[in-house]
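Reading through the C-alpha cells given below for one structure.
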Amino acid sequence: MLRVRCLRGGSRGAEAAHYIGSRLRGAFTGWVQRTFQSTQAAAASQNTCAADDKAASPVPKDCLVCSYNEWDPLEEVIVGRAENACVPPFSVEVKANTYEKYWGFYQKFGGQGFPKDHLKKAIAEIEEMCNILKGEGVIVKRPDPIDWSVKYKTPDFESTGMYGAMPRDILLVVGNEIIEAPMAWRARFFEYRAYRRLIKDYFNSGAKWTTAPKPTMADELYDQNYPIHSVEDRHKLAAQGKFVTTEFEPCFDAADFIRAGRDIFVQRSQVTNYMGIEWMRRHLAPDYRVHIISFKDPNPMHIDATFNIIGPGLVLSNPDRPCHQIELFKKAGWTVIQPPVPLIPDDHPLWMSSKWLSMNVLMLDEKRVMVDANETSIQKMFEKLGISTIKVNIRHANSLGGGFHCWTCDIRRRGTLQSYLD
C-alpha cells in the first residue's frame, strides 16, 4: 500500500490511450486501447485449488491460499513489518510520488533509517494490530526482517532498499494464486525477498505462484525530465496521461489492483503502466476481467485510498478523487459511498501518503471492519451501514505510507468466485 498512496488516481481513458499510443507508435496502439476495456467474458467454470496439470506430487485438495475479493470472511493474512525500514533515495520516481514539503526529508535521509522513535512506535502499533487480528480468529503471518540499508547494484542502477511493511503493494492473491508484482521503484527491487519464505510454504501446500516479469528499471523506464514543481503541474500532467513511468517495459504495483470476484479493477498510475496492466489482463484471462478505471487525481499511486470495494456492490469512493467511470458501477446497482473528511492533524508526518488512509480499511467480513481508532467520523459511517468497527491505532504506522489494507495481504477468505458487476 507504499502507499505513497497519497498520490493516486488517473487520467481520462481516451486521453491516456492517445498519449501512450503516440509513444508506442502503431504497433502497440491496439493493445493500449484494448486495456481500457474489460477482457473477454469470464469462463463459466470456477477456479479450484486442484491443478489440471499435476507436478511430481499431487496438489492437495484444500489450498491454504484462496481469496476472490476484499470482504469474504478473513481466515489468514500477511501483516507487514516496520523493522529496519529505510527512507528511499530521492530518485525521479520517488520525487514524482511524494509531496513537495517532504522533498527535503528525502534528500537528507534517503538511504538511512526512518526516525528511530517514530519507527519504534509504528512497530508497537503493528504488533498490537496483529494481536487484535488473532483475537478475531485470523491467522497472522509475518515477512522476514531484512536489513534494508544494504546498498545493491544491478547493471542498470544502484540503490538501497526500503521495507517489508506493505505486502499489499507487492502481492496480489487471485483465487489460489499468489502473484508477485514487479514493482516500479528502484528502492523496492528486492522487496520480494522478505516474503519468499512464506510464499514457498504456500506453494508447497498447493498454491499457485507467479512472478511477473522483473523490469530492469533502467533509465528508460522513467521520464527523467518529469516536470513536477507544484500540485498544478501534477494535475495537468495527469490530465494529459503523462506519468513518470514510461512504456519501456511492464511494471506494476499490486496495490493498483482491487478485486471483486471475476472483475478486477486497476488504474494506470505513476507505478503501474499499460504494459503491466496488459500483462495482467492476458495472464488472468479468460477467468477474470481486468477493467481500467481512472480518477481526478494529480498524482496516482495505489488505488485503495481512492476506490476501496468493501462489500458485494458496495464501494468507498474518495470525494477528492472522483472516478471518471462511476456510472459503470451505479448502472450495475452498486452503492457508492463517499467517506467523510479524514481527521488526522495537518502536522502529523505523512511522508508517503495522504490523509485519505482513513478509508484504507480492512474488511474482516461483510459486517466487521478494522478502522483507525482516531477516525471517529468514518467509524460512525460504518456503524450506520450496520458494520461493526474494530478500532486500532496505527497513526505512526500510517507515516510509512499505508493504512490497514496496505499493511496486509489477505491469503485466505472463506468464499467462492462470483460475478458482482453483471
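Identifiers in the C-alpha cells: chain A, B, ... in order shown; residue index from 1 per chain; ligand index from 1 in order shown.
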Counting only C-alpha atoms, which residues of stretch 92-117 of chain A fall within 12 Å of stretch 267-280 of chain A, and what is the closest atom pair for each with its distance in Å at one decimal, ordered by chain and rising number, as a tab-separated table?
residue	atom	partner	partner_atom	distance
A:Val92	CA	A:Gln270	CA	11.0
A:Glu93	CA	A:Gln270	CA	7.8
A:Val94	CA	A:Gln270	CA	9.7
A:Lys95	CA	A:Gln270	CA	10.7
A:Ala96	CA	A:Gln270	CA	7.5
A:Asn97	CA	A:Gln270	CA	7.2
A:Thr98	CA	A:Gln270	CA	10.9
I want to know what sits within 10 Å of A:Ile126, based on only C-alpha atoms, with residues of the same chain fewer than 2 positions away left out; could you give that as an NGL selection string? :A and (79-82 or 121-124 or 128-132 or 165 or 392-394 or 396-397 or 404 or 407)
Which of stretch 36-225 of chain A DSSP labels strand (DSSP E), written as a PDB file with all heavy atoms, in the first residue's frame:
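The result, written out as out12.pdb:
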ATOM      1  N   LEU A  74     -12.387 -13.311   6.563  1.00  0.00           N
ATOM      2  CA  LEU A  74     -10.928 -13.406   6.539  1.00  0.00           C
ATOM      3  C   LEU A  74     -10.454 -14.498   7.494  1.00  0.00           C
ATOM      4  O   LEU A  74     -10.805 -14.500   8.672  1.00  0.00           O
ATOM      5  CB  LEU A  74     -10.322 -12.060   6.940  1.00  0.00           C
ATOM      6  CG  LEU A  74      -8.802 -11.938   6.916  1.00  0.00           C
ATOM      7  CD1 LEU A  74      -8.250 -12.148   5.505  1.00  0.00           C
ATOM      8  CD2 LEU A  74      -8.370 -10.580   7.469  1.00  0.00           C
ATOM      9  N   GLU A  75      -9.618 -15.406   6.969  1.00  0.00           N
ATOM     10  CA  GLU A  75      -9.116 -16.509   7.777  1.00  0.00           C
ATOM     11  C   GLU A  75      -7.600 -16.460   7.976  1.00  0.00           C
ATOM     12  O   GLU A  75      -7.106 -16.893   9.017  1.00  0.00           O
ATOM     13  CB  GLU A  75      -9.504 -17.847   7.143  1.00  0.00           C
ATOM     14  CG  GLU A  75     -11.004 -18.072   7.091  1.00  0.00           C
ATOM     15  CD  GLU A  75     -11.380 -19.427   6.515  1.00  0.00           C
ATOM     16  OE1 GLU A  75     -10.527 -20.055   5.828  1.00  0.00           O
ATOM     17  OE2 GLU A  75     -12.521 -19.883   6.747  1.00  0.00           O
ATOM     18  N   GLU A  76      -6.872 -15.952   6.987  1.00  0.00           N
ATOM     19  CA  GLU A  76      -5.417 -15.874   7.109  1.00  0.00           C
ATOM     20  C   GLU A  76      -4.907 -14.648   6.364  1.00  0.00           C
ATOM     21  O   GLU A  76      -5.385 -14.324   5.280  1.00  0.00           O
ATOM     22  CB  GLU A  76      -4.753 -17.137   6.570  1.00  0.00           C
ATOM     23  CG  GLU A  76      -3.242 -17.165   6.777  1.00  0.00           C
ATOM     24  CD  GLU A  76      -2.627 -18.550   6.619  1.00  0.00           C
ATOM     25  OE1 GLU A  76      -3.364 -19.558   6.778  1.00  0.00           O
ATOM     26  OE2 GLU A  76      -1.414 -18.639   6.354  1.00  0.00           O
ATOM     27  N   VAL A  77      -3.908 -13.976   6.949  1.00  0.00           N
ATOM     28  CA  VAL A  77      -3.432 -12.720   6.393  1.00  0.00           C
ATOM     29  C   VAL A  77      -1.939 -12.568   6.656  1.00  0.00           C
ATOM     30  O   VAL A  77      -1.412 -13.078   7.645  1.00  0.00           O
ATOM     31  CB  VAL A  77      -4.217 -11.540   7.026  1.00  0.00           C
ATOM     32  CG1 VAL A  77      -3.855 -11.357   8.490  1.00  0.00           C
ATOM     33  CG2 VAL A  77      -3.991 -10.251   6.259  1.00  0.00           C
ATOM     34  N   ILE A  78      -1.259 -11.904   5.733  1.00  0.00           N
ATOM     35  CA  ILE A  78       0.121 -11.483   5.959  1.00  0.00           C
ATOM     36  C   ILE A  78       0.087 -10.030   6.424  1.00  0.00           C
ATOM     37  O   ILE A  78      -0.579  -9.191   5.814  1.00  0.00           O
ATOM     38  CB  ILE A  78       0.970 -11.590   4.681  1.00  0.00           C
ATOM     39  CG1 ILE A  78       1.065 -13.042   4.211  1.00  0.00           C
ATOM     40  CG2 ILE A  78       2.380 -11.028   4.916  1.00  0.00           C
ATOM     41  CD1 ILE A  78       1.785 -13.206   2.872  1.00  0.00           C
ATOM     42  N   VAL A  79       0.786  -9.739   7.505  1.00  0.00           N
ATOM     43  CA  VAL A  79       0.906  -8.370   8.008  1.00  0.00           C
ATOM     44  C   VAL A  79       2.371  -7.958   7.907  1.00  0.00           C
ATOM     45  O   VAL A  79       3.267  -8.693   8.324  1.00  0.00           O
ATOM     46  CB  VAL A  79       0.422  -8.263   9.474  1.00  0.00           C
ATOM     47  CG1 VAL A  79       0.619  -6.839   9.997  1.00  0.00           C
ATOM     48  CG2 VAL A  79      -1.040  -8.666   9.579  1.00  0.00           C
ATOM     49  N   ILE A 139      -5.594 -16.034  11.327  1.00  0.00           N
ATOM     50  CA  ILE A 139      -4.201 -16.488  11.363  1.00  0.00           C
ATOM     51  C   ILE A 139      -3.330 -15.389  10.754  1.00  0.00           C
ATOM     52  O   ILE A 139      -3.611 -14.889   9.667  1.00  0.00           O
ATOM     53  CB  ILE A 139      -4.026 -17.796  10.573  1.00  0.00           C
ATOM     54  CG1 ILE A 139      -4.831 -18.922  11.237  1.00  0.00           C
ATOM     55  CG2 ILE A 139      -2.551 -18.189  10.480  1.00  0.00           C
ATOM     56  CD1 ILE A 139      -4.886 -20.196  10.418  1.00  0.00           C
ATOM     57  N   VAL A 140      -2.262 -15.010  11.478  1.00  0.00           N
ATOM     58  CA  VAL A 140      -1.394 -13.914  11.045  1.00  0.00           C
ATOM     59  C   VAL A 140      -0.009 -14.446  10.715  1.00  0.00           C
ATOM     60  O   VAL A 140       0.605 -15.148  11.515  1.00  0.00           O
ATOM     61  CB  VAL A 140      -1.295 -12.821  12.129  1.00  0.00           C
ATOM     62  CG1 VAL A 140      -0.288 -11.750  11.712  1.00  0.00           C
ATOM     63  CG2 VAL A 140      -2.661 -12.202  12.393  1.00  0.00           C
ATOM     64  N   LYS A 141       0.482 -14.104   9.533  1.00  0.00           N
ATOM     65  CA  LYS A 141       1.841 -14.452   9.114  1.00  0.00           C
ATOM     66  C   LYS A 141       2.625 -13.158   8.911  1.00  0.00           C
ATOM     67  O   LYS A 141       2.063 -12.135   8.545  1.00  0.00           O
ATOM     68  CB  LYS A 141       1.825 -15.259   7.809  1.00  0.00           C
ATOM     69  CG  LYS A 141       1.044 -16.566   7.893  1.00  0.00           C
ATOM     70  CD  LYS A 141       1.751 -17.589   8.749  1.00  0.00           C
ATOM     71  CE  LYS A 141       1.031 -18.935   8.691  1.00  0.00           C
ATOM     72  NZ  LYS A 141       1.736 -19.959   9.483  1.00  0.00           N
ATOM     73  N   TYR A 152      22.823  -1.999  -3.060  1.00  0.00           N
ATOM     74  CA  TYR A 152      22.914  -3.017  -4.102  1.00  0.00           C
ATOM     75  C   TYR A 152      23.069  -2.348  -5.464  1.00  0.00           C
ATOM     76  O   TYR A 152      22.757  -1.165  -5.628  1.00  0.00           O
ATOM     77  CB  TYR A 152      21.715  -3.961  -4.086  1.00  0.00           C
ATOM     78  CG  TYR A 152      20.349  -3.316  -4.064  1.00  0.00           C
ATOM     79  CD1 TYR A 152      19.736  -2.879  -5.235  1.00  0.00           C
ATOM     80  CD2 TYR A 152      19.640  -3.168  -2.867  1.00  0.00           C
ATOM     81  CE1 TYR A 152      18.480  -2.310  -5.228  1.00  0.00           C
ATOM     82  CE2 TYR A 152      18.377  -2.601  -2.848  1.00  0.00           C
ATOM     83  CZ  TYR A 152      17.802  -2.176  -4.021  1.00  0.00           C
ATOM     84  OH  TYR A 152      16.547  -1.608  -4.009  1.00  0.00           O
ATOM     85  N   LYS A 153      23.538  -3.126  -6.404  1.00  0.00           N
ATOM     86  CA  LYS A 153      23.813  -2.600  -7.731  1.00  0.00           C
ATOM     87  C   LYS A 153      23.435  -3.632  -8.776  1.00  0.00           C
ATOM     88  O   LYS A 153      23.752  -4.809  -8.645  1.00  0.00           O
ATOM     89  CB  LYS A 153      25.294  -2.243  -7.865  1.00  0.00           C
ATOM     90  CG  LYS A 153      25.686  -1.666  -9.221  1.00  0.00           C
ATOM     91  CD  LYS A 153      27.161  -1.295  -9.247  1.00  0.00           C
ATOM     92  CE  LYS A 153      27.548  -0.713 -10.600  1.00  0.00           C
ATOM     93  NZ  LYS A 153      28.988  -0.340 -10.624  1.00  0.00           N
ATOM     94  N   GLU A 158      21.857   1.731  -9.078  1.00  0.00           N
ATOM     95  CA  GLU A 158      22.269   1.463  -7.703  1.00  0.00           C
ATOM     96  C   GLU A 158      21.211   2.013  -6.761  1.00  0.00           C
ATOM     97  O   GLU A 158      20.564   3.023  -7.057  1.00  0.00           O
ATOM     98  CB  GLU A 158      23.611   2.129  -7.399  1.00  0.00           C
ATOM     99  CG  GLU A 158      24.775   1.637  -8.228  1.00  0.00           C
ATOM    100  CD  GLU A 158      26.077   2.316  -7.854  1.00  0.00           C
ATOM    101  OE1 GLU A 158      26.150   2.861  -6.729  1.00  0.00           O
ATOM    102  OE2 GLU A 158      27.012   2.315  -8.661  1.00  0.00           O
ATOM    103  N   SER A 159      21.041   1.365  -5.621  1.00  0.00           N
ATOM    104  CA  SER A 159      20.048   1.840  -4.663  1.00  0.00           C
ATOM    105  C   SER A 159      20.249   1.148  -3.322  1.00  0.00           C
ATOM    106  O   SER A 159      21.083   0.243  -3.190  1.00  0.00           O
ATOM    107  CB  SER A 159      18.619   1.569  -5.171  1.00  0.00           C
ATOM    108  OG  SER A 159      17.648   2.135  -4.312  1.00  0.00           O
ATOM    109  N   LEU A 171       2.117  -8.144  -3.362  1.00  0.00           N
ATOM    110  CA  LEU A 171       1.449  -9.438  -3.526  1.00  0.00           C
ATOM    111  C   LEU A 171      -0.025  -9.246  -3.854  1.00  0.00           C
ATOM    112  O   LEU A 171      -0.725  -8.464  -3.209  1.00  0.00           O
ATOM    113  CB  LEU A 171       1.572 -10.277  -2.255  1.00  0.00           C
ATOM    114  CG  LEU A 171       2.991 -10.582  -1.763  1.00  0.00           C
ATOM    115  CD1 LEU A 171       2.935 -11.362  -0.456  1.00  0.00           C
ATOM    116  CD2 LEU A 171       3.785 -11.337  -2.807  1.00  0.00           C
ATOM    117  N   LEU A 172      -0.495  -9.981  -4.854  1.00  0.00           N
ATOM    118  CA  LEU A 172      -1.911  -9.996  -5.205  1.00  0.00           C
ATOM    119  C   LEU A 172      -2.383 -11.441  -5.234  1.00  0.00           C
ATOM    120  O   LEU A 172      -1.831 -12.260  -5.973  1.00  0.00           O
ATOM    121  CB  LEU A 172      -2.135  -9.343  -6.571  1.00  0.00           C
ATOM    122  CG  LEU A 172      -3.588  -9.282  -7.063  1.00  0.00           C
ATOM    123  CD1 LEU A 172      -4.402  -8.337  -6.193  1.00  0.00           C
ATOM    124  CD2 LEU A 172      -3.652  -8.837  -8.517  1.00  0.00           C
ATOM    125  N   VAL A 173      -3.374 -11.753  -4.424  1.00  0.00           N
ATOM    126  CA  VAL A 173      -3.942 -13.097  -4.391  1.00  0.00           C
ATOM    127  C   VAL A 173      -5.206 -13.102  -5.240  1.00  0.00           C
ATOM    128  O   VAL A 173      -6.136 -12.327  -5.009  1.00  0.00           O
ATOM    129  CB  VAL A 173      -4.258 -13.536  -2.946  1.00  0.00           C
ATOM    130  CG1 VAL A 173      -4.967 -14.893  -2.940  1.00  0.00           C
ATOM    131  CG2 VAL A 173      -2.966 -13.617  -2.124  1.00  0.00           C
ATOM    132  N   VAL A 174      -5.225 -13.975  -6.231  1.00  0.00           N
ATOM    133  CA  VAL A 174      -6.390 -14.139  -7.108  1.00  0.00           C
ATOM    134  C   VAL A 174      -6.742 -15.621  -7.090  1.00  0.00           C
ATOM    135  O   VAL A 174      -6.034 -16.448  -7.667  1.00  0.00           O
ATOM    136  CB  VAL A 174      -6.107 -13.667  -8.537  1.00  0.00           C
ATOM    137  CG1 VAL A 174      -7.340 -13.840  -9.408  1.00  0.00           C
ATOM    138  CG2 VAL A 174      -5.649 -12.210  -8.543  1.00  0.00           C
ATOM    139  N   GLU A 177      -3.957 -18.367  -6.411  1.00  0.00           N
ATOM    140  CA  GLU A 177      -2.683 -17.944  -6.985  1.00  0.00           C
ATOM    141  C   GLU A 177      -2.143 -16.708  -6.276  1.00  0.00           C
ATOM    142  O   GLU A 177      -2.870 -15.740  -6.037  1.00  0.00           O
ATOM    143  CB  GLU A 177      -2.853 -17.631  -8.473  1.00  0.00           C
ATOM    144  CG  GLU A 177      -1.581 -17.180  -9.158  1.00  0.00           C
ATOM    145  CD  GLU A 177      -1.779 -16.899 -10.634  1.00  0.00           C
ATOM    146  OE1 GLU A 177      -2.951 -16.768 -11.059  1.00  0.00           O
ATOM    147  OE2 GLU A 177      -0.772 -16.797 -11.362  1.00  0.00           O
ATOM    148  N   ILE A 178      -0.850 -16.742  -5.942  1.00  0.00           N
ATOM    149  CA  ILE A 178      -0.151 -15.571  -5.425  1.00  0.00           C
ATOM    150  C   ILE A 178       0.675 -14.985  -6.567  1.00  0.00           C
ATOM    151  O   ILE A 178       1.515 -15.665  -7.146  1.00  0.00           O
ATOM    152  CB  ILE A 178       0.770 -15.930  -4.253  1.00  0.00           C
ATOM    153  CG1 ILE A 178      -0.030 -16.554  -3.109  1.00  0.00           C
ATOM    154  CG2 ILE A 178       1.516 -14.693  -3.760  1.00  0.00           C
ATOM    155  CD1 ILE A 178       0.840 -17.025  -1.951  1.00  0.00           C
ATOM    156  N   ILE A 179       0.412 -13.725  -6.886  1.00  0.00           N
ATOM    157  CA  ILE A 179       1.147 -13.049  -7.944  1.00  0.00           C
ATOM    158  C   ILE A 179       2.095 -12.039  -7.308  1.00  0.00           C
ATOM    159  O   ILE A 179       1.664 -11.159  -6.551  1.00  0.00           O
ATOM    160  CB  ILE A 179       0.200 -12.333  -8.922  1.00  0.00           C
ATOM    161  CG1 ILE A 179      -0.741 -13.346  -9.574  1.00  0.00           C
ATOM    162  CG2 ILE A 179       0.990 -11.569  -9.984  1.00  0.00           C
ATOM    163  CD1 ILE A 179      -1.824 -12.721 -10.435  1.00  0.00           C
ATOM    164  N   GLU A 180       3.384 -12.180  -7.599  1.00  0.00           N
ATOM    165  CA  GLU A 180       4.391 -11.219  -7.140  1.00  0.00           C
ATOM    166  C   GLU A 180       4.481 -10.093  -8.152  1.00  0.00           C
ATOM    167  O   GLU A 180       4.790 -10.319  -9.315  1.00  0.00           O
ATOM    168  CB  GLU A 180       5.769 -11.876  -7.041  1.00  0.00           C
ATOM    169  CG  GLU A 180       6.072 -12.541  -5.718  1.00  0.00           C
ATOM    170  CD  GLU A 180       7.513 -13.029  -5.692  1.00  0.00           C
ATOM    171  OE1 GLU A 180       8.412 -12.322  -6.212  1.00  0.00           O
ATOM    172  OE2 GLU A 180       7.745 -14.123  -5.172  1.00  0.00           O
ATOM    173  N   LYS A 208      -0.746 -21.794  -6.310  1.00  0.00           N
ATOM    174  CA  LYS A 208      -0.011 -21.373  -7.499  1.00  0.00           C
ATOM    175  C   LYS A 208       0.854 -20.163  -7.131  1.00  0.00           C
ATOM    176  O   LYS A 208       0.487 -19.368  -6.275  1.00  0.00           O
ATOM    177  CB  LYS A 208      -0.978 -20.996  -8.624  1.00  0.00           C
ATOM    178  CG  LYS A 208      -1.802 -22.155  -9.150  1.00  0.00           C
ATOM    179  CD  LYS A 208      -2.738 -21.685 -10.262  1.00  0.00           C
ATOM    180  CE  LYS A 208      -3.581 -22.831 -10.787  1.00  0.00           C
ATOM    181  NZ  LYS A 208      -4.511 -22.365 -11.850  1.00  0.00           N
ATOM    182  N   TRP A 209       1.971 -20.026  -7.822  1.00  0.00           N
ATOM    183  CA  TRP A 209       2.908 -18.946  -7.529  1.00  0.00           C
ATOM    184  C   TRP A 209       3.422 -18.393  -8.847  1.00  0.00           C
ATOM    185  O   TRP A 209       4.041 -19.102  -9.624  1.00  0.00           O
ATOM    186  CB  TRP A 209       4.033 -19.481  -6.654  1.00  0.00           C
ATOM    187  CG  TRP A 209       5.169 -18.543  -6.378  1.00  0.00           C
ATOM    188  CD1 TRP A 209       5.197 -17.194  -6.559  1.00  0.00           C
ATOM    189  CD2 TRP A 209       6.452 -18.904  -5.851  1.00  0.00           C
ATOM    190  NE1 TRP A 209       6.412 -16.692  -6.187  1.00  0.00           N
ATOM    191  CE2 TRP A 209       7.203 -17.720  -5.746  1.00  0.00           C
ATOM    192  CE3 TRP A 209       7.031 -20.121  -5.476  1.00  0.00           C
ATOM    193  CZ2 TRP A 209       8.508 -17.713  -5.276  1.00  0.00           C
ATOM    194  CZ3 TRP A 209       8.331 -20.114  -5.009  1.00  0.00           C
ATOM    195  CH2 TRP A 209       9.048 -18.925  -4.901  1.00  0.00           C
ATOM    196  N   THR A 210       3.132 -17.125  -9.080  1.00  0.00           N
ATOM    197  CA  THR A 210       3.546 -16.473 -10.318  1.00  0.00           C
ATOM    198  C   THR A 210       4.336 -15.213  -9.988  1.00  0.00           C
ATOM    199  O   THR A 210       3.905 -14.407  -9.152  1.00  0.00           O
ATOM    200  CB  THR A 210       2.340 -16.086 -11.179  1.00  0.00           C
ATOM    201  OG1 THR A 210       1.601 -17.259 -11.520  1.00  0.00           O
ATOM    202  CG2 THR A 210       2.778 -15.383 -12.455  1.00  0.00           C
ATOM    203  N   THR A 211       5.475 -15.055 -10.644  1.00  0.00           N
ATOM    204  CA  THR A 211       6.252 -13.822 -10.539  1.00  0.00           C
ATOM    205  C   THR A 211       6.180 -13.104 -11.875  1.00  0.00           C
ATOM    206  O   THR A 211       6.581 -13.651 -12.904  1.00  0.00           O
ATOM    207  CB  THR A 211       7.720 -14.117 -10.177  1.00  0.00           C
ATOM    208  OG1 THR A 211       7.770 -14.789  -8.914  1.00  0.00           O
ATOM    209  CG2 THR A 211       8.516 -12.834 -10.082  1.00  0.00           C
TER     210      THR A 211
END
For stretch 329-341 of chain A: contacts at 6 Å, only C-alpha atoms, fewer than 4 positions along chain excluded, given as a list in words: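 Neighbouring residues, sequence-local ones excluded: Gly313, Leu314, Val315, Leu316, Ser317, Asn318, Pro319 and Leu421 of chain A.
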Write out as a count of residues only each polymer residue whose atoms come within 10 Å of A:Ala85, counting only C-alpha atoms; drop sequence neighbours fewer than 4 positions from it. 19
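We find atom CA of A:Ile292 and atom CA of A:Phe265 to be spaced 5.9 Å apart.
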Do you know which residues are at most 12 Å from A:Ile390 counting only C-alpha atoms, after dropping those on the same chain fewer than 5 positions away, and could you put them as a PDB file with C-alpha atoms, in the first residue's frame?
ATOM      1  CA  MET A 129      -2.828  -4.855  15.284  1.00  0.00           C
ATOM      2  CA  ILE A 132      -6.209  -7.929  17.636  1.00  0.00           C
ATOM      3  CA  LEU A 133      -6.474  -9.845  14.361  1.00  0.00           C
ATOM      4  CA  GLY A 135      -8.188 -12.257  18.773  1.00  0.00           C
ATOM      5  CA  GLU A 136     -10.731 -12.028  15.945  1.00  0.00           C
ATOM      6  CA  VAL A 361      -9.679  -0.134   5.825  1.00  0.00           C
ATOM      7  CA  LEU A 362      -9.518  -3.909   6.108  1.00  0.00           C
ATOM      8  CA  MET A 363     -12.773  -5.872   5.973  1.00  0.00           C
ATOM      9  CA  LEU A 364     -12.765  -8.945   8.220  1.00  0.00           C
ATOM     10  CA  ASP A 365     -16.097  -9.871   6.685  1.00  0.00           C
ATOM     11  CA  LYS A 367     -20.104  -6.912   8.914  1.00  0.00           C
ATOM     12  CA  ARG A 368     -16.710  -6.240  10.533  1.00  0.00           C
ATOM     13  CA  VAL A 369     -14.120  -3.659   9.561  1.00  0.00           C
ATOM     14  CA  MET A 370     -10.735  -2.698  11.002  1.00  0.00           C
ATOM     15  CA  VAL A 371     -10.585   1.089  11.157  1.00  0.00           C
ATOM     16  CA  ASP A 372      -8.347   3.750  12.681  1.00  0.00           C
ATOM     17  CA  ALA A 373      -9.229   4.383  16.320  1.00  0.00           C
ATOM     18  CA  ASN A 374      -8.761   8.126  15.819  1.00  0.00           C
ATOM     19  CA  GLU A 375     -11.088   8.436  12.829  1.00  0.00           C
ATOM     20  CA  THR A 376     -14.428   8.720  14.624  1.00  0.00           C
ATOM     21  CA  ILE A 378     -15.693   7.121   9.402  1.00  0.00           C
ATOM     22  CA  GLN A 379     -16.462   4.855  12.355  1.00  0.00           C
ATOM     23  CA  PHE A 382     -19.672   2.246   9.078  1.00  0.00           C
ATOM     24  CA  GLU A 383     -21.990   1.896  12.051  1.00  0.00           C
ATOM     25  CA  PHE A 404      -4.869  -1.346   7.274  1.00  0.00           C
TER      26      PHE A 404
END
Enumerate as a PyMOL selection string all residues of stretch 45-174 of chain A assigned to alpha helix (DSSP H) by DSSP on the backbone, naming them with the chain letters and numbers the document uses. chain A and resi 92-95+103-109+116-135+167-170
Non-local contacts of A:Pro312 (9 Å; only C-alpha atoms; under 5 positions in same chain excluded) as a list in words: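 Once the adjacent positions are removed, what remains is Asn69, Trp71, Ala260, Trp334, Glu366 and Tyr420 of chain A.
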Expected file: the selected residues, N, CA and C atoms, as an mmCIF file, in the first residue's frame:
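In the end it all went to selection_24.cif:
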data_model
loop_
_atom_site.group_PDB
_atom_site.id
_atom_site.type_symbol
_atom_site.label_atom_id
_atom_site.label_comp_id
_atom_site.auth_asym_id
_atom_site.auth_seq_id
_atom_site.Cartn_x
_atom_site.Cartn_y
_atom_site.Cartn_z
ATOM 1 N N ASN A 69 -12.037 -11.727 -3.239
ATOM 2 C CA ASN A 69 -12.500 -10.346 -3.104
ATOM 3 C C ASN A 69 -11.962 -9.736 -1.817
ATOM 4 N N TRP A 71 -13.852 -8.815 0.930
ATOM 5 C CA TRP A 71 -14.797 -8.778 2.044
ATOM 6 C C TRP A 71 -15.272 -10.142 2.543
ATOM 7 N N ALA A 260 -13.014 -7.801 -7.158
ATOM 8 C CA ALA A 260 -14.438 -8.032 -6.881
ATOM 9 C C ALA A 260 -14.861 -9.274 -7.648
ATOM 10 N N TRP A 334 -24.579 -0.877 -7.925
ATOM 11 C CA TRP A 334 -23.689 -0.744 -6.774
ATOM 12 C C TRP A 334 -24.063 0.485 -5.946
ATOM 13 N N GLU A 366 -18.221 -9.061 5.828
ATOM 14 C CA GLU A 366 -19.139 -8.008 5.394
ATOM 15 C C GLU A 366 -19.644 -7.145 6.535
ATOM 16 N N TYR A 420 -19.967 -9.792 -9.688
ATOM 17 C CA TYR A 420 -20.705 -8.740 -8.970
ATOM 18 C C TYR A 420 -21.016 -7.538 -9.856
#
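The shortest atom-to-atom distance to A:Trp351, with only C-alpha atoms taken into account, belongs to A:Val87 out of A:Ile170, A:Val87, A:Ile293, A:Cys63.
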Skip A:His405 itself and residues of its chain fewer than 2 positions away, then list as a VMD selection string all residues within 9 Å of it, counting only C-alpha atoms. chain A and resid 1 166 168 304 to 305 360 to 363 402 to 403 407 to 409
Please dump the current selection as a short mmCIF file (atom, residue, chain, number, x, y, z; two decimals), in the first residue's frame; keep N, CA, C and O atoms.
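The new file again29.cif reads:
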data_model
loop_
_atom_site.label_atom_id
_atom_site.label_comp_id
_atom_site.auth_asym_id
_atom_site.auth_seq_id
_atom_site.Cartn_x
_atom_site.Cartn_y
_atom_site.Cartn_z
N MET A 1 0.06 -0.07 0.00
CA MET A 1 0.00 0.00 0.00
C MET A 1 0.63 0.66 0.00
O MET A 1 0.34 1.66 0.27
N MET A 166 4.52 -3.22 3.51
CA MET A 166 3.26 -3.17 2.79
C MET A 166 3.09 -4.36 1.85
O MET A 166 3.32 -4.24 0.64
N ARG A 168 0.52 -5.55 0.57
CA ARG A 168 -0.49 -5.30 -0.45
C ARG A 168 0.14 -4.70 -1.71
O ARG A 168 -0.40 -4.85 -2.80
N ASP A 304 -6.31 1.90 -3.34
CA ASP A 304 -7.19 1.58 -2.21
C ASP A 304 -7.41 2.70 -1.20
O ASP A 304 -8.10 2.48 -0.19
N ALA A 305 -6.85 3.89 -1.42
CA ALA A 305 -7.27 5.06 -0.64
C ALA A 305 -8.04 6.02 -1.55
O ALA A 305 -8.30 7.16 -1.19
N ASN A 360 -8.66 3.52 3.98
CA ASN A 360 -7.85 2.36 3.63
C ASN A 360 -8.06 1.29 4.71
O ASN A 360 -7.15 0.96 5.46
N VAL A 361 -9.27 0.77 4.75
CA VAL A 361 -9.68 -0.13 5.82
C VAL A 361 -9.55 -1.59 5.40
O VAL A 361 -9.43 -1.90 4.21
N LEU A 362 -9.57 -2.47 6.37
CA LEU A 362 -9.52 -3.91 6.11
C LEU A 362 -10.83 -4.54 6.57
O LEU A 362 -11.19 -4.46 7.75
N MET A 363 -11.54 -5.17 5.64
CA MET A 363 -12.77 -5.87 5.97
C MET A 363 -12.44 -7.27 6.49
O MET A 363 -11.74 -8.04 5.83
N GLY A 402 0.89 3.71 4.65
CA GLY A 402 -0.19 2.77 4.47
C GLY A 402 -1.18 2.71 5.62
O GLY A 402 -0.83 2.97 6.77
N GLY A 403 -2.42 2.32 5.27
CA GLY A 403 -3.44 2.03 6.27
C GLY A 403 -3.57 0.52 6.42
O GLY A 403 -2.69 -0.24 6.02
N TRP A 407 -1.13 -2.49 4.88
CA TRP A 407 -0.25 -3.25 5.77
C TRP A 407 -0.54 -4.75 5.72
O TRP A 407 0.15 -5.54 6.38
N THR A 408 -1.54 -5.16 4.96
CA THR A 408 -1.95 -6.56 4.95
C THR A 408 -2.08 -7.10 3.53
O THR A 408 -2.25 -6.35 2.57
N CYS A 409 -2.03 -8.42 3.41
CA CYS A 409 -2.42 -9.10 2.19
C CYS A 409 -3.20 -10.33 2.61
O CYS A 409 -2.67 -11.23 3.27
#
Option closest in space to A:Asn84, from A:Ser399, A:Asp144, A:Arg193, A:Asp62 [counting only C-alpha atoms]: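 Selected residue with least distance to A:Asn84: A:Asp144.
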